[in-house]
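Peer 1: Sharing entry_18.cif (mmCIF, N, CA and C atoms) below.
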data_run
#
loop_
_atom_site.group_PDB
_atom_site.id
_atom_site.type_symbol
_atom_site.label_atom_id
_atom_site.label_comp_id
_atom_site.auth_asym_id
_atom_site.auth_seq_id
_atom_site.Cartn_x
_atom_site.Cartn_y
_atom_site.Cartn_z
ATOM 1 N N MET A 263 12.788 17.211 -18.578
ATOM 2 C CA MET A 263 12.462 15.801 -18.375
ATOM 3 C C MET A 263 13.556 14.950 -19.001
ATOM 4 N N ARG A 264 13.714 13.764 -18.421
ATOM 5 C CA ARG A 264 14.663 12.776 -18.932
ATOM 6 C C ARG A 264 13.937 11.471 -19.185
ATOM 7 N N VAL A 265 14.473 10.682 -20.107
ATOM 8 C CA VAL A 265 13.930 9.339 -20.330
ATOM 9 C C VAL A 265 14.325 8.476 -19.140
ATOM 10 N N LEU A 266 13.331 7.885 -18.475
ATOM 11 C CA LEU A 266 13.576 7.001 -17.346
ATOM 12 C C LEU A 266 13.734 5.555 -17.808
ATOM 13 N N ARG A 267 12.900 5.166 -18.776
ATOM 14 C CA ARG A 267 13.014 3.816 -19.328
ATOM 15 C C ARG A 267 12.189 3.706 -20.602
ATOM 16 N N TYR A 268 12.527 2.707 -21.395
ATOM 17 C CA TYR A 268 11.742 2.303 -22.550
ATOM 18 C C TYR A 268 11.129 0.952 -22.224
ATOM 19 N N GLY A 269 9.989 0.645 -22.817
ATOM 20 C CA GLY A 269 9.363 -0.633 -22.539
ATOM 21 C C GLY A 269 8.269 -0.942 -23.530
ATOM 22 N N THR A 270 7.410 -1.863 -23.125
ATOM 23 C CA THR A 270 6.276 -2.289 -23.939
ATOM 24 C C THR A 270 5.011 -2.118 -23.118
ATOM 25 N N HIS A 271 4.009 -1.481 -23.697
ATOM 26 C CA HIS A 271 2.719 -1.290 -23.043
ATOM 27 C C HIS A 271 2.039 -2.647 -22.925
ATOM 28 N N ASN A 272 1.671 -3.041 -21.705
ATOM 29 C CA ASN A 272 1.126 -4.383 -21.464
ATOM 30 C C ASN A 272 -0.127 -4.671 -22.267
ATOM 31 N N ARG A 273 -1.055 -3.738 -22.314
ATOM 32 C CA ARG A 273 -2.348 -4.001 -22.944
ATOM 33 C C ARG A 273 -2.257 -4.049 -24.466
ATOM 34 N N SER A 274 -1.500 -3.124 -25.076
ATOM 35 C CA SER A 274 -1.485 -3.025 -26.535
ATOM 36 C C SER A 274 -0.274 -3.682 -27.185
ATOM 37 N N GLY A 275 0.798 -3.876 -26.414
ATOM 38 C CA GLY A 275 2.031 -4.395 -26.992
ATOM 39 C C GLY A 275 2.844 -3.338 -27.709
ATOM 40 N N SER A 276 2.391 -2.088 -27.673
ATOM 41 C CA SER A 276 3.091 -0.983 -28.336
ATOM 42 C C SER A 276 4.306 -0.532 -27.538
ATOM 43 N N ARG A 277 5.232 0.124 -28.231
ATOM 44 C CA ARG A 277 6.407 0.671 -27.559
ATOM 45 C C ARG A 277 5.988 1.830 -26.656
ATOM 46 N N LEU A 278 6.754 2.015 -25.564
ATOM 47 C CA LEU A 278 6.499 3.157 -24.702
ATOM 48 C C LEU A 278 7.815 3.737 -24.221
ATOM 49 N N ALA A 279 7.752 4.999 -23.828
ATOM 50 C CA ALA A 279 8.870 5.679 -23.171
ATOM 51 C C ALA A 279 8.309 6.362 -21.936
ATOM 52 N N MET A 280 9.011 6.211 -20.808
ATOM 53 C CA MET A 280 8.637 6.886 -19.569
ATOM 54 C C MET A 280 9.637 8.019 -19.378
ATOM 55 N N VAL A 281 9.142 9.246 -19.291
ATOM 56 C CA VAL A 281 10.004 10.399 -19.033
ATOM 57 C C VAL A 281 9.580 11.027 -17.715
ATOM 58 N N GLY A 282 10.507 11.694 -17.042
ATOM 59 C CA GLY A 282 10.185 12.298 -15.757
ATOM 60 C C GLY A 282 11.069 13.488 -15.462
ATOM 61 N N ASP A 283 10.687 14.232 -14.438
ATOM 62 C CA ASP A 283 11.464 15.390 -14.005
ATOM 63 C C ASP A 283 11.989 15.162 -12.591
ATOM 64 N N PRO A 284 12.819 16.056 -12.068
ATOM 65 C CA PRO A 284 13.423 15.825 -10.752
ATOM 66 C C PRO A 284 12.425 15.834 -9.592
ATOM 67 N N THR A 285 11.210 16.314 -9.803
ATOM 68 C CA THR A 285 10.223 16.338 -8.718
ATOM 69 C C THR A 285 9.477 15.022 -8.592
ATOM 70 N N GLY A 286 9.651 14.110 -9.554
ATOM 71 C CA GLY A 286 8.940 12.838 -9.542
ATOM 72 C C GLY A 286 7.783 12.791 -10.517
ATOM 73 N N MET A 287 7.496 13.900 -11.206
ATOM 74 C CA MET A 287 6.423 13.917 -12.208
ATOM 75 C C MET A 287 6.856 13.065 -13.385
ATOM 76 N N LYS A 288 5.949 12.215 -13.887
ATOM 77 C CA LYS A 288 6.266 11.338 -15.005
ATOM 78 C C LYS A 288 5.231 11.460 -16.114
ATOM 79 N N LEU A 289 5.688 11.190 -17.319
ATOM 80 C CA LEU A 289 4.819 11.150 -18.481
ATOM 81 C C LEU A 289 5.151 9.871 -19.229
ATOM 82 N N GLU A 290 4.131 9.024 -19.434
ATOM 83 C CA GLU A 290 4.314 7.783 -20.166
ATOM 84 C C GLU A 290 3.798 7.996 -21.583
ATOM 85 N N ILE A 291 4.678 7.841 -22.554
ATOM 86 C CA ILE A 291 4.327 8.054 -23.956
ATOM 87 C C ILE A 291 4.211 6.687 -24.610
ATOM 88 N N VAL A 292 3.003 6.360 -25.118
ATOM 89 C CA VAL A 292 2.743 5.050 -25.710
ATOM 90 C C VAL A 292 2.445 5.237 -27.192
ATOM 91 N N GLU A 293 3.166 4.491 -28.021
ATOM 92 C CA GLU A 293 2.975 4.547 -29.466
ATOM 93 C C GLU A 293 1.602 3.985 -29.840
ATOM 94 N N ASN A 294 0.905 4.650 -30.745
ATOM 95 C CA ASN A 294 -0.375 4.171 -31.250
ATOM 96 C C ASN A 294 -0.379 4.366 -32.763
ATOM 97 N N PRO A 295 0.018 3.345 -33.522
ATOM 98 C CA PRO A 295 0.115 3.490 -34.976
ATOM 99 C C PRO A 295 -1.224 3.720 -35.666
ATOM 100 N N GLU A 296 -2.336 3.444 -34.975
ATOM 101 C CA GLU A 296 -3.657 3.629 -35.576
ATOM 102 C C GLU A 296 -4.229 5.019 -35.330
ATOM 103 N N ALA A 297 -3.585 5.814 -34.503
ATOM 104 C CA ALA A 297 -4.115 7.140 -34.150
ATOM 105 C C ALA A 297 -4.099 8.071 -35.357
ATOM 106 N N LYS A 298 -5.173 8.807 -35.520
ATOM 107 C CA LYS A 298 -5.278 9.798 -36.594
ATOM 108 C C LYS A 298 -4.865 11.185 -36.099
ATOM 109 N N GLU A 299 -4.880 11.363 -34.770
ATOM 110 C CA GLU A 299 -4.489 12.630 -34.161
ATOM 111 C C GLU A 299 -3.898 12.348 -32.787
ATOM 112 N N ALA A 300 -3.143 13.293 -32.285
ATOM 113 C CA ALA A 300 -2.517 13.120 -30.973
ATOM 114 C C ALA A 300 -3.573 13.153 -29.870
ATOM 115 N N ARG A 301 -3.391 12.306 -28.851
ATOM 116 C CA ARG A 301 -4.256 12.307 -27.673
ATOM 117 C C ARG A 301 -3.509 11.632 -26.539
ATOM 118 N N PHE A 302 -3.976 11.823 -25.321
ATOM 119 C CA PHE A 302 -3.361 11.116 -24.202
ATOM 120 C C PHE A 302 -4.271 9.985 -23.767
ATOM 121 N N LEU A 303 -3.657 8.963 -23.189
ATOM 122 C CA LEU A 303 -4.390 7.761 -22.799
ATOM 123 C C LEU A 303 -5.076 7.942 -21.453
ATOM 124 N N HIS A 304 -4.317 8.407 -20.447
ATOM 125 C CA HIS A 304 -4.890 8.578 -19.113
ATOM 126 C C HIS A 304 -3.960 9.445 -18.270
ATOM 127 N N VAL A 305 -4.438 9.848 -17.121
ATOM 128 C CA VAL A 305 -3.639 10.568 -16.139
ATOM 129 C C VAL A 305 -3.400 9.605 -14.983
ATOM 130 N N ALA A 306 -2.162 9.549 -14.489
ATOM 131 C CA ALA A 306 -1.810 8.619 -13.417
ATOM 132 C C ALA A 306 -1.469 9.378 -12.136
ATOM 133 N N PHE A 307 -1.883 8.802 -11.018
ATOM 134 C CA PHE A 307 -1.598 9.344 -9.696
ATOM 135 C C PHE A 307 -0.984 8.255 -8.836
ATOM 136 N N ARG A 308 0.003 8.632 -8.017
ATOM 137 C CA ARG A 308 0.545 7.681 -7.053
ATOM 138 C C ARG A 308 -0.457 7.519 -5.925
ATOM 139 N N ALA A 309 -0.621 6.283 -5.485
ATOM 140 C CA ALA A 309 -1.563 5.969 -4.413
ATOM 141 C C ALA A 309 -0.861 5.107 -3.380
ATOM 142 N N SER A 310 -1.203 5.298 -2.121
ATOM 143 C CA SER A 310 -0.611 4.457 -1.080
ATOM 144 C C SER A 310 -1.248 3.070 -1.078
ATOM 145 N N ASP A 311 -2.488 2.957 -1.582
ATOM 146 C CA ASP A 311 -3.200 1.679 -1.625
ATOM 147 C C ASP A 311 -4.073 1.655 -2.881
ATOM 148 N N VAL A 312 -3.598 1.003 -3.918
ATOM 149 C CA VAL A 312 -4.309 0.975 -5.200
ATOM 150 C C VAL A 312 -5.685 0.342 -5.053
ATOM 151 N N ASP A 313 -5.771 -0.789 -4.342
ATOM 152 C CA ASP A 313 -7.048 -1.495 -4.207
ATOM 153 C C ASP A 313 -8.093 -0.624 -3.503
ATOM 154 N N ALA A 314 -7.684 0.055 -2.427
ATOM 155 C CA ALA A 314 -8.610 0.938 -1.708
ATOM 156 C C ALA A 314 -9.013 2.128 -2.575
ATOM 157 N N SER A 315 -8.083 2.635 -3.373
ATOM 158 C CA SER A 315 -8.398 3.755 -4.264
ATOM 159 C C SER A 315 -9.421 3.352 -5.313
ATOM 160 N N LEU A 316 -9.262 2.139 -5.867
ATOM 161 C CA LEU A 316 -10.237 1.650 -6.852
ATOM 162 C C LEU A 316 -11.621 1.526 -6.231
ATOM 163 N N THR A 317 -11.694 1.007 -5.020
ATOM 164 C CA THR A 317 -12.977 0.859 -4.323
ATOM 165 C C THR A 317 -13.609 2.227 -4.078
ATOM 166 N N ALA A 318 -12.827 3.183 -3.595
ATOM 167 C CA ALA A 318 -13.350 4.516 -3.306
ATOM 168 C C ALA A 318 -13.858 5.207 -4.571
ATOM 169 N N LEU A 319 -13.131 5.072 -5.665
ATOM 170 C CA LEU A 319 -13.574 5.701 -6.912
ATOM 171 C C LEU A 319 -14.813 5.012 -7.475
ATOM 172 N N ALA A 320 -14.913 3.690 -7.329
ATOM 173 C CA ALA A 320 -16.111 2.968 -7.777
ATOM 174 C C ALA A 320 -17.338 3.447 -7.010
ATOM 175 N N GLU A 321 -17.165 3.732 -5.727
ATOM 176 C CA GLU A 321 -18.277 4.243 -4.919
ATOM 177 C C GLU A 321 -18.710 5.638 -5.368
ATOM 178 N N LYS A 322 -17.836 6.326 -6.087
ATOM 179 C CA LYS A 322 -18.156 7.667 -6.592
ATOM 180 C C LYS A 322 -18.600 7.637 -8.054
ATOM 181 N N GLY A 323 -18.798 6.426 -8.609
ATOM 182 C CA GLY A 323 -19.341 6.319 -9.955
ATOM 183 C C GLY A 323 -18.332 6.026 -11.056
ATOM 184 N N TRP A 324 -17.058 5.856 -10.715
ATOM 185 C CA TRP A 324 -16.057 5.495 -11.711
ATOM 186 C C TRP A 324 -16.129 3.990 -11.950
ATOM 187 N N GLU A 325 -15.888 3.551 -13.183
ATOM 188 C CA GLU A 325 -15.943 2.136 -13.529
ATOM 189 C C GLU A 325 -14.534 1.545 -13.577
ATOM 190 N N ALA A 326 -14.310 0.452 -12.855
ATOM 191 C CA ALA A 326 -13.008 -0.219 -12.855
ATOM 192 C C ALA A 326 -12.719 -0.803 -14.234
ATOM 193 N N MET A 327 -11.461 -0.743 -14.629
ATOM 194 C CA MET A 327 -11.031 -1.294 -15.917
ATOM 195 C C MET A 327 -10.143 -2.512 -15.661
ATOM 196 N N GLY A 328 -10.742 -3.610 -15.232
ATOM 197 C CA GLY A 328 -10.003 -4.843 -15.058
ATOM 198 C C GLY A 328 -9.432 -5.095 -13.674
ATOM 199 N N GLY A 329 -9.620 -4.211 -12.739
ATOM 200 C CA GLY A 329 -9.121 -4.434 -11.392
ATOM 201 C C GLY A 329 -7.638 -4.130 -11.246
ATOM 202 N N ALA A 330 -7.160 -4.273 -10.022
ATOM 203 C CA ALA A 330 -5.748 -4.008 -9.726
ATOM 204 C C ALA A 330 -4.882 -5.154 -10.216
ATOM 205 N N LYS A 331 -3.661 -4.822 -10.612
ATOM 206 C CA LYS A 331 -2.714 -5.849 -11.055
ATOM 207 C C LYS A 331 -1.297 -5.364 -10.800
ATOM 208 N N ASP A 332 -0.377 -6.319 -10.811
ATOM 209 C CA ASP A 332 1.034 -5.993 -10.638
ATOM 210 C C ASP A 332 1.677 -5.777 -12.004
ATOM 211 N N LEU A 333 2.568 -4.783 -12.078
ATOM 212 C CA LEU A 333 3.326 -4.498 -13.296
ATOM 213 C C LEU A 333 4.786 -4.849 -13.027
ATOM 214 N N ALA A 334 5.222 -5.979 -13.524
ATOM 215 C CA ALA A 334 6.585 -6.433 -13.262
ATOM 216 C C ALA A 334 7.630 -5.446 -13.773
ATOM 217 N N SER A 335 7.426 -4.889 -14.974
ATOM 218 C CA SER A 335 8.421 -3.990 -15.562
ATOM 219 C C SER A 335 8.611 -2.712 -14.755
ATOM 220 N N ALA A 336 7.573 -2.272 -14.066
ATOM 221 C CA ALA A 336 7.635 -1.040 -13.277
ATOM 222 C C ALA A 336 7.837 -1.307 -11.789
ATOM 223 N N HIS A 337 7.818 -2.583 -11.385
ATOM 224 C CA HIS A 337 7.885 -2.955 -9.964
ATOM 225 C C HIS A 337 6.807 -2.175 -9.208
ATOM 226 N N ALA A 338 5.577 -2.342 -9.668
ATOM 227 C CA ALA A 338 4.480 -1.531 -9.151
ATOM 228 C C ALA A 338 3.173 -2.314 -9.165
ATOM 229 N N ARG A 339 2.187 -1.785 -8.454
ATOM 230 C CA ARG A 339 0.803 -2.271 -8.487
ATOM 231 C C ARG A 339 -0.034 -1.132 -9.035
ATOM 232 N N THR A 340 -0.957 -1.452 -9.921
ATOM 233 C CA THR A 340 -1.726 -0.407 -10.583
ATOM 234 C C THR A 340 -3.169 -0.823 -10.804
ATOM 235 N N GLY A 341 -4.009 0.145 -11.044
ATOM 236 C CA GLY A 341 -5.407 -0.075 -11.399
ATOM 237 C C GLY A 341 -5.913 1.158 -12.128
ATOM 238 N N ARG A 342 -6.883 0.962 -13.006
ATOM 239 C CA ARG A 342 -7.425 2.091 -13.762
ATOM 240 C C ARG A 342 -8.939 2.123 -13.666
ATOM 241 N N VAL A 343 -9.472 3.317 -13.777
ATOM 242 C CA VAL A 343 -10.917 3.538 -13.801
ATOM 243 C C VAL A 343 -11.240 4.486 -14.944
ATOM 244 N N VAL A 344 -12.497 4.445 -15.364
ATOM 245 C CA VAL A 344 -12.962 5.368 -16.401
ATOM 246 C C VAL A 344 -14.236 6.035 -15.891
ATOM 247 N N GLY A 345 -14.338 7.337 -16.139
ATOM 248 C CA GLY A 345 -15.509 8.102 -15.727
ATOM 249 C C GLY A 345 -16.598 8.047 -16.777
ATOM 250 N N PRO A 346 -17.767 8.578 -16.452
ATOM 251 C CA PRO A 346 -18.901 8.552 -17.380
ATOM 252 C C PRO A 346 -18.608 9.255 -18.709
ATOM 253 N N ASP A 347 -17.652 10.197 -18.683
ATOM 254 C CA ASP A 347 -17.311 10.940 -19.903
ATOM 255 C C ASP A 347 -16.176 10.291 -20.687
ATOM 256 N N GLY A 348 -15.694 9.123 -20.219
ATOM 257 C CA GLY A 348 -14.619 8.419 -20.910
ATOM 258 C C GLY A 348 -13.224 8.772 -20.433
ATOM 259 N N PHE A 349 -13.100 9.705 -19.494
ATOM 260 C CA PHE A 349 -11.792 10.099 -18.973
ATOM 261 C C PHE A 349 -11.235 8.984 -18.094
ATOM 262 N N GLU A 350 -9.969 8.606 -18.309
ATOM 263 C CA GLU A 350 -9.362 7.501 -17.578
ATOM 264 C C GLU A 350 -8.362 8.000 -16.537
ATOM 265 N N LEU A 351 -8.380 7.369 -15.359
ATOM 266 C CA LEU A 351 -7.412 7.619 -14.296
ATOM 267 C C LEU A 351 -6.700 6.321 -13.969
ATOM 268 N N GLN A 352 -5.408 6.426 -13.682
ATOM 269 C CA GLN A 352 -4.626 5.280 -13.229
ATOM 270 C C GLN A 352 -4.089 5.602 -11.840
ATOM 271 N N MET A 353 -4.185 4.635 -10.936
ATOM 272 C CA MET A 353 -3.553 4.733 -9.628
ATOM 273 C C MET A 353 -2.396 3.748 -9.647
ATOM 274 N N ILE A 354 -1.273 4.134 -9.028
ATOM 275 C CA ILE A 354 -0.099 3.270 -9.049
ATOM 276 C C ILE A 354 0.697 3.422 -7.763
ATOM 277 N N THR A 355 1.172 2.292 -7.252
ATOM 278 C CA THR A 355 2.041 2.252 -6.074
ATOM 279 C C THR A 355 3.327 1.570 -6.495
ATOM 280 N N TYR A 356 4.464 2.250 -6.294
ATOM 281 C CA TYR A 356 5.761 1.716 -6.695
ATOM 282 C C TYR A 356 6.471 1.026 -5.538
ATOM 283 N N GLN A 357 7.138 -0.079 -5.830
ATOM 284 C CA GLN A 357 8.050 -0.696 -4.878
ATOM 285 C C GLN A 357 9.330 0.148 -4.856
ATOM 286 N N PRO A 358 10.083 0.126 -3.759
ATOM 287 C CA PRO A 358 11.319 0.913 -3.702
ATOM 288 C C PRO A 358 12.305 0.583 -4.823
ATOM 289 N N SER A 359 12.228 -0.623 -5.394
ATOM 290 C CA SER A 359 13.137 -1.039 -6.467
ATOM 291 C C SER A 359 12.696 -0.582 -7.855
ATOM 292 N N SER A 360 11.594 0.155 -7.964
ATOM 293 C CA SER A 360 11.043 0.525 -9.263
ATOM 294 C C SER A 360 12.011 1.389 -10.084
ATOM 295 N N PRO A 361 12.181 1.040 -11.384
ATOM 296 C CA PRO A 361 12.998 1.884 -12.246
ATOM 297 C C PRO A 361 12.294 3.199 -12.595
ATOM 298 N N ASP A 362 11.014 3.293 -12.290
ATOM 299 C CA ASP A 362 10.258 4.512 -12.588
ATOM 300 C C ASP A 362 10.417 5.579 -11.525
ATOM 301 N N ILE A 363 11.030 5.234 -10.393
ATOM 302 C CA ILE A 363 11.290 6.224 -9.348
ATOM 303 C C ILE A 363 12.733 6.661 -9.511
ATOM 304 N N VAL A 364 12.921 7.766 -10.172
ATOM 305 C CA VAL A 364 14.254 8.301 -10.423
ATOM 306 C C VAL A 364 14.243 9.766 -10.002
ATOM 307 N N GLU A 365 15.168 10.139 -9.150
ATOM 308 C CA GLU A 365 15.269 11.528 -8.708
ATOM 309 C C GLU A 365 16.685 12.004 -8.955
ATOM 310 N N TRP A 366 16.829 13.240 -9.326
ATOM 311 C CA TRP A 366 18.148 13.844 -9.511
ATOM 312 C C TRP A 366 18.089 15.300 -9.099
ATOM 313 N N LYS A 367 19.231 15.888 -8.946
ATOM 314 C CA LYS A 367 19.300 17.308 -8.528
ATOM 315 C C LYS A 367 19.912 18.147 -9.604
#
Now that the file is in, can you turn its structure into structure tokens?

Peer 2:
Amino acid sequence: MRVLRYGTHNRSGSRLAMVGDPTGMKLEIVENPEAKEARFLHVAFRASDVDASLTALAEKGWEAMGGAKDLASAHARTGRVVGPDGFELQMITYQPSSPDIVEWK
């Protein structure tokens, strides 16, 4: 994996690093100074239509976390849901200009 970009997490204001591999798999690492142990925040999936994905997951019992929104730093549209067990999913659609879409050979 390589560092794709550094930034600031919109919700918490914490530092983040986006790393990825040549297949397009990405891992977003967000600093949490209050954490007592390591954990992950959520799992993200690319979606062709974030709004439709949020609606479909809500119909299956997932709870929306604030609705869909645009992420200027990622040139993307995103939305998150949480399941009954607290597990979080993020759906994201990138614009072709997104710095998060990096491929190499």

Peer 1: Using only C-alpha atoms, which of A:Arg342, A:Lys322, A:Arg264, A:His271 sits nearest Val305 of chain A?

Peer 2: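 Looking at the shortest contact to Val305 of chain A, the residue is A:Arg342.
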
Peer 1: Quick one: residues within 8 Å of Met327 of chain A, only C-alpha atoms, excluding same-chain residues fewer than 4 positions away - as a list in words?

Peer 2: Gly341, Arg342, Val343 and Val344 of chain A

Peer 1: Return the single residue from A:Arg308, A:Ala326, A:Ala320, A:Glu296 that is closest to Tyr356 of chain A, with distances computed using only C-alpha atoms.

Peer 2: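 Distance minimum relative to Tyr356 of chain A lands on A:Arg308.
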
Peer 1: Quick one: residues within 7 Å of Pro346 of chain A, all atoms listed in the file, excluding same-chain residues fewer than 4 positions away - as a PyMOL selection string?

Peer 2: chain A and resi 323-325

Peer 1: Rounded to one decimal in Å, what is the spacing between atom CA of Thr285 of chain A and atom C of Ala309 of chain A?

Peer 2: 16.7 Å

Peer 1: Which residue gives the smallest distance to Glu293 of chain A among A:Ala338, A:Val281, A:Ser276, A:Val312, with only N, CA and C atoms counted?

Peer 2: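 Looking only at the distances to Glu293 of chain A, the closest residue turns out to be A:Ser276.
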
Peer 1: Could you spell out the hits of the PyMOL selection byres ((chain A and resi 265-269) around 5) on the shown file, as number ranges by chain?

Peer 2: A: 263-264, 270-271, 277-282

Peer 1: Would you list, as a list in words, the residues of chain A that end up in helix (DSSP H, G or I) under DSSP run on this structure's backbone?

Peer 2: Val312, Asp313, Ala314, Ser315, Leu316, Thr317, Ala318, Leu319, Ala320, Glu321, Ala334, Ser335 and Ala336 of chain A

Peer 1: Mind writing the picked residues with N, CA and C atoms as a short mmCIF file (atom, residue, chain, number, x, y, z; two decimals), in the coordinates of the input?

Peer 2:
data_model
loop_
_atom_site.label_atom_id
_atom_site.label_comp_id
_atom_site.auth_asym_id
_atom_site.auth_seq_id
_atom_site.Cartn_x
_atom_site.Cartn_y
_atom_site.Cartn_z
N VAL A 312 -3.60 1.00 -3.92
CA VAL A 312 -4.31 0.98 -5.20
C VAL A 312 -5.68 0.34 -5.05
N ASP A 313 -5.77 -0.79 -4.34
CA ASP A 313 -7.05 -1.50 -4.21
C ASP A 313 -8.09 -0.62 -3.50
N ALA A 314 -7.68 0.06 -2.43
CA ALA A 314 -8.61 0.94 -1.71
C ALA A 314 -9.01 2.13 -2.58
N SER A 315 -8.08 2.64 -3.37
CA SER A 315 -8.40 3.76 -4.26
C SER A 315 -9.42 3.35 -5.31
N LEU A 316 -9.26 2.14 -5.87
CA LEU A 316 -10.24 1.65 -6.85
C LEU A 316 -11.62 1.53 -6.23
N THR A 317 -11.69 1.01 -5.02
CA THR A 317 -12.98 0.86 -4.32
C THR A 317 -13.61 2.23 -4.08
N ALA A 318 -12.83 3.18 -3.60
CA ALA A 318 -13.35 4.52 -3.31
C ALA A 318 -13.86 5.21 -4.57
N LEU A 319 -13.13 5.07 -5.66
CA LEU A 319 -13.57 5.70 -6.91
C LEU A 319 -14.81 5.01 -7.48
N ALA A 320 -14.91 3.69 -7.33
CA ALA A 320 -16.11 2.97 -7.78
C ALA A 320 -17.34 3.45 -7.01
N GLU A 321 -17.16 3.73 -5.73
CA GLU A 321 -18.28 4.24 -4.92
C GLU A 321 -18.71 5.64 -5.37
N ALA A 334 5.22 -5.98 -13.52
CA ALA A 334 6.58 -6.43 -13.26
C ALA A 334 7.63 -5.45 -13.77
N SER A 335 7.43 -4.89 -14.97
CA SER A 335 8.42 -3.99 -15.56
C SER A 335 8.61 -2.71 -14.76
N ALA A 336 7.57 -2.27 -14.07
CA ALA A 336 7.64 -1.04 -13.28
C ALA A 336 7.84 -1.31 -11.79
#

Peer 1: Mind giving me the straight-line distance from atom C of Leu319 of chain A to atom C of Glu299 of chain A in Å, one decimal?

Peer 2: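 Atom C of Glu299 of chain A lies at a distance of 28.5 Å from atom C of Leu319 of chain A.
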
Peer 1: For Val292 of chain A, which residue among A:Thr317, A:Asn272, A:His337, A:Ile354 is the nearest when counting only C-alpha atoms?

Peer 2: A:Asn272

Peer 1: Mind pulling up the distance from atom CA of Ala306 of chain A to atom C of Leu351 of chain A?

Peer 2: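 Atom C of Leu351 of chain A sits 5.4 Å away from atom CA of Ala306 of chain A.
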
Peer 1: Tell me, which residues of segment 274-356 of chain A carry DSSP strand (DSSP E), written as a VMD selection string?

Peer 2: chain A and resid 277 to 282 288 to 292 305 to 308 325 to 326 331 to 333 338 to 344 350 to 356

Peer 1: Would you output that residue set with N, CA and C atoms, as a short mmCIF file (atom, residue, chain, number, x, y, z; two decimals), in the frame of the given file?

Peer 2:
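Written out: part.cif:
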data_model
loop_
_atom_site.label_atom_id
_atom_site.label_comp_id
_atom_site.auth_asym_id
_atom_site.auth_seq_id
_atom_site.Cartn_x
_atom_site.Cartn_y
_atom_site.Cartn_z
N ARG A 277 5.23 0.12 -28.23
CA ARG A 277 6.41 0.67 -27.56
C ARG A 277 5.99 1.83 -26.66
N LEU A 278 6.75 2.02 -25.56
CA LEU A 278 6.50 3.16 -24.70
C LEU A 278 7.82 3.74 -24.22
N ALA A 279 7.75 5.00 -23.83
CA ALA A 279 8.87 5.68 -23.17
C ALA A 279 8.31 6.36 -21.94
N MET A 280 9.01 6.21 -20.81
CA MET A 280 8.64 6.89 -19.57
C MET A 280 9.64 8.02 -19.38
N VAL A 281 9.14 9.25 -19.29
CA VAL A 281 10.00 10.40 -19.03
C VAL A 281 9.58 11.03 -17.72
N GLY A 282 10.51 11.69 -17.04
CA GLY A 282 10.18 12.30 -15.76
C GLY A 282 11.07 13.49 -15.46
N LYS A 288 5.95 12.22 -13.89
CA LYS A 288 6.27 11.34 -15.00
C LYS A 288 5.23 11.46 -16.11
N LEU A 289 5.69 11.19 -17.32
CA LEU A 289 4.82 11.15 -18.48
C LEU A 289 5.15 9.87 -19.23
N GLU A 290 4.13 9.02 -19.43
CA GLU A 290 4.31 7.78 -20.17
C GLU A 290 3.80 8.00 -21.58
N ILE A 291 4.68 7.84 -22.55
CA ILE A 291 4.33 8.05 -23.96
C ILE A 291 4.21 6.69 -24.61
N VAL A 292 3.00 6.36 -25.12
CA VAL A 292 2.74 5.05 -25.71
C VAL A 292 2.44 5.24 -27.19
N VAL A 305 -4.44 9.85 -17.12
CA VAL A 305 -3.64 10.57 -16.14
C VAL A 305 -3.40 9.60 -14.98
N ALA A 306 -2.16 9.55 -14.49
CA ALA A 306 -1.81 8.62 -13.42
C ALA A 306 -1.47 9.38 -12.14
N PHE A 307 -1.88 8.80 -11.02
CA PHE A 307 -1.60 9.34 -9.70
C PHE A 307 -0.98 8.26 -8.84
N ARG A 308 0.00 8.63 -8.02
CA ARG A 308 0.55 7.68 -7.05
C ARG A 308 -0.46 7.52 -5.92
N GLU A 325 -15.89 3.55 -13.18
CA GLU A 325 -15.94 2.14 -13.53
C GLU A 325 -14.53 1.54 -13.58
N ALA A 326 -14.31 0.45 -12.86
CA ALA A 326 -13.01 -0.22 -12.86
C ALA A 326 -12.72 -0.80 -14.23
N LYS A 331 -3.66 -4.82 -10.61
CA LYS A 331 -2.71 -5.85 -11.06
C LYS A 331 -1.30 -5.36 -10.80
N ASP A 332 -0.38 -6.32 -10.81
CA ASP A 332 1.03 -5.99 -10.64
C ASP A 332 1.68 -5.78 -12.00
N LEU A 333 2.57 -4.78 -12.08
CA LEU A 333 3.33 -4.50 -13.30
C LEU A 333 4.79 -4.85 -13.03
N ALA A 338 5.58 -2.34 -9.67
CA ALA A 338 4.48 -1.53 -9.15
C ALA A 338 3.17 -2.31 -9.16
N ARG A 339 2.19 -1.78 -8.45
CA ARG A 339 0.80 -2.27 -8.49
C ARG A 339 -0.03 -1.13 -9.04
N THR A 340 -0.96 -1.45 -9.92
CA THR A 340 -1.73 -0.41 -10.58
C THR A 340 -3.17 -0.82 -10.80
N GLY A 341 -4.01 0.14 -11.04
CA GLY A 341 -5.41 -0.08 -11.40
C GLY A 341 -5.91 1.16 -12.13
N ARG A 342 -6.88 0.96 -13.01
CA ARG A 342 -7.42 2.09 -13.76
C ARG A 342 -8.94 2.12 -13.67
N VAL A 343 -9.47 3.32 -13.78
CA VAL A 343 -10.92 3.54 -13.80
C VAL A 343 -11.24 4.49 -14.94
N VAL A 344 -12.50 4.44 -15.36
CA VAL A 344 -12.96 5.37 -16.40
C VAL A 344 -14.24 6.04 -15.89
N GLU A 350 -9.97 8.61 -18.31
CA GLU A 350 -9.36 7.50 -17.58
C GLU A 350 -8.36 8.00 -16.54
N LEU A 351 -8.38 7.37 -15.36
CA LEU A 351 -7.41 7.62 -14.30
C LEU A 351 -6.70 6.32 -13.97
N GLN A 352 -5.41 6.43 -13.68
CA GLN A 352 -4.63 5.28 -13.23
C GLN A 352 -4.09 5.60 -11.84
N MET A 353 -4.18 4.64 -10.94
CA MET A 353 -3.55 4.73 -9.63
C MET A 353 -2.40 3.75 -9.65
N ILE A 354 -1.27 4.13 -9.03
CA ILE A 354 -0.10 3.27 -9.05
C ILE A 354 0.70 3.42 -7.76
N THR A 355 1.17 2.29 -7.25
CA THR A 355 2.04 2.25 -6.07
C THR A 355 3.33 1.57 -6.50
N TYR A 356 4.46 2.25 -6.29
CA TYR A 356 5.76 1.72 -6.70
C TYR A 356 6.47 1.03 -5.54
#
